[in-house]
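Notes for the one structure printed next.
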Amino acid sequence: MKILMLGGTRFFGKHTVKQLLDNGHQVTIATRGTTPDSFGDSVDRLVVDRTDKASLAKALQGKTFDVVCDTLAYCSEDIRCLLDVITPKRYVVVSTVSVYEQMGMDTREEDYNAKDYPLQWYYRSDAPYGEVKRQAEAALYQVYPDVNFAAVRFPFVIGEDDYTKRLHFYVEHVIKEMPMYVDNLGEQMSFIFAEDAAAFLVWLTEQEFYGSINGSNAGTVSLEQIIRYVEEKTGKKAIFRSGAEAGSYNGTMQYSINTELAKQNGYIFPPLEKKIWKLVDYLISVYR
């Protein structure tokens with residue numbers, strides 16, 4: 001299939017492009033052109049401002065794609081900006097579990113109903129992250145219901161090449177004995193590895209599933225478990241102090257993501273437990 005990838009030069013977007021190519025798809029990457037990629041002649045490239053309708057219209061004029069995979073849509077205006085200039089046969093867009101205003105254990109898709117949510121045309125800076133992402137999904141359901149879309153709700157994405165370095169924060173602070181302030185030490189949380197997020201996106205490009213769907217590795221882990229593991233591996237001791245540098249996951253309370261809908265449609269996520277400690281071992285090797 002001919003697939004347009006909005007994003008695709010770093011983190012799970014990069015993994016998605018690689019897996020699409022491995023599956024034999026013809027991929028065009030659309031980015032601002034500021035981040036180099038390693039795909040050489042195996043992909044086509046478009047330089048475009050994802051948030052500018054005129055830029056998108058010029059870049060996409062006369063082009064057709066079987067699937068548009070969008071890792072860059074943050075808000076309802078981003079959705080309108082794209083879908084007013086192109087109508088893809090299939091649209092796979094990255095959403096987030098932040099659309100759930102009240103997350104808890106076993107958070108399910110029906111806990112946020114984008115079909116009935118009051119729609120506002122927001123730019124990225126108009127509201128907090130969770131709200132602009134809610135509006136992005138609301139726009140899809142309410143204004144573009146004829147678009148065959150899948151909106152994937154991911155939790156925190158982790159991996160060795162995570163440019164946000166949020167998980168890195170805790171490992172580095174323990175090893176370097178830097179004080180930190182953590183307000184959710186014992187809270188169990190869901191995560192998804194970058195390569196698993198990519199695999200799910202690729203799978204969805206090849207399916208007919210319509211609507212919003214959760215994507216997460218099976219199981220949860222707490223920061224306390226991760227920090228204790230680093231302590232045991234390194235002999236270092238975490239220093240917790242009020243007023244110290246705040247943990248990158250601060251404010252996130254206990255939750256887990258239910259992926260039964262994906263399972264019902266034939267997709268099973270690998271367990272978090274098998275991979276998390278390998279990643280932490282890698283981070284220890286980076287900061288030791």
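In the structure tokens, each chain is lettered A, B, ... as it comes, each chain's residues begin at 1, and ligands are numbered from 1 in order of appearance.
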Can you tell me which residues surround segment 73-87 of chain A at a distance of at most 6 Å, considering only C-alpha atoms, apart from same-chain residues fewer than 2 positions away, and format the answer as a PyMOL selection string? chain A and resi 51+53+57+121-124+132-133+135-136+139
So which bits of segment 20-240 of chain A end up alpha helix (DSSP H) when you DSSP the backbone, as a ChimeraX atom specification? /A:20-22,53-60,76-83,129-143,166-175,194-205,223-234
With the cut-off set at 7 Å and counting only C-alpha atoms, tabulate each residue of segment 48-140 of chain A with an atom at most that distance from an atom of segment 4-26 of chain A, showing the nearest atom pair and its distance in Å to one decimal, ordered by chain and increasing number, as JSON lines.
{"residue": "A:Phe65", "atom": "CA", "partner": "A:Leu4", "partner_atom": "CA", "distance": 6.4}
{"residue": "A:Val67", "atom": "CA", "partner": "A:Leu4", "partner_atom": "CA", "distance": 6.3}
{"residue": "A:Val68", "atom": "CA", "partner": "A:Leu4", "partner_atom": "CA", "distance": 4.7}
{"residue": "A:Cys69", "atom": "CA", "partner": "A:Met5", "partner_atom": "CA", "distance": 4.9}
{"residue": "A:Asp70", "atom": "CA", "partner": "A:Leu6", "partner_atom": "CA", "distance": 4.7}
{"residue": "A:Thr71", "atom": "CA", "partner": "A:Gly7", "partner_atom": "CA", "distance": 5.7}
{"residue": "A:Leu72", "atom": "CA", "partner": "A:Gly7", "partner_atom": "CA", "distance": 6.2}
Output C-alpha atoms of each residue in that selection to a file, as a short mmCIF file (atom, residue, chain, number, x, y, z; two decimals), in the first residue's frame.
data_model
loop_
_atom_site.label_atom_id
_atom_site.label_comp_id
_atom_site.auth_asym_id
_atom_site.auth_seq_id
_atom_site.Cartn_x
_atom_site.Cartn_y
_atom_site.Cartn_z
CA PHE A 65 -2.49 7.43 -0.52
CA VAL A 67 -3.39 5.19 4.33
CA VAL A 68 -2.32 8.32 6.18
CA CYS A 69 -0.59 7.51 9.47
CA ASP A 70 -0.44 10.63 11.62
CA THR A 71 1.81 10.86 14.68
CA LEU A 72 1.67 14.68 14.75
#
Given only C-alpha atoms as the basis, pick out the residue of A:Gly247, A:Leu223, A:Glu260, A:Glu195 nearest to Glu109 of chain A. A:Glu260
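Using only C-alpha atoms, the shortest contact distance between Glu177 of chain A and any of A:Tyr129, A:Lys236, A:Tyr141, A:Ala198 is found at A:Lys236.
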Using only C-alpha atoms, the shortest atom-to-atom distance to Thr220 of chain A among A:Met105, A:Leu204, A:Ala127, A:Leu185 belongs to A:Met105
Compile the contact shell of Asn148 of chain A as a PyMOL selection string: residues with an atom at most 9 Å away, counting only C-alpha atoms, same-chain residues fewer than 6 positions apart removed. chain A and resi 88-92+208-211
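Here the question is which of A:Arg50, A:Phe191, A:Ile227, A:Met1 gets nearest to Thr28 of chain A using only C-alpha atoms, and that residue is A:Met1.
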Looking at A:Arg32, A:Ile276, A:Ser248, A:Gln120, which one is nearest to Arg166 of chain A, with distances taken over only C-alpha atoms? A:Ser248
If you count only C-alpha atoms, the residue of A:Ser125, A:Thr107, A:Glu245, A:Ser55 closest to Phe169 of chain A turns out to be A:Glu245
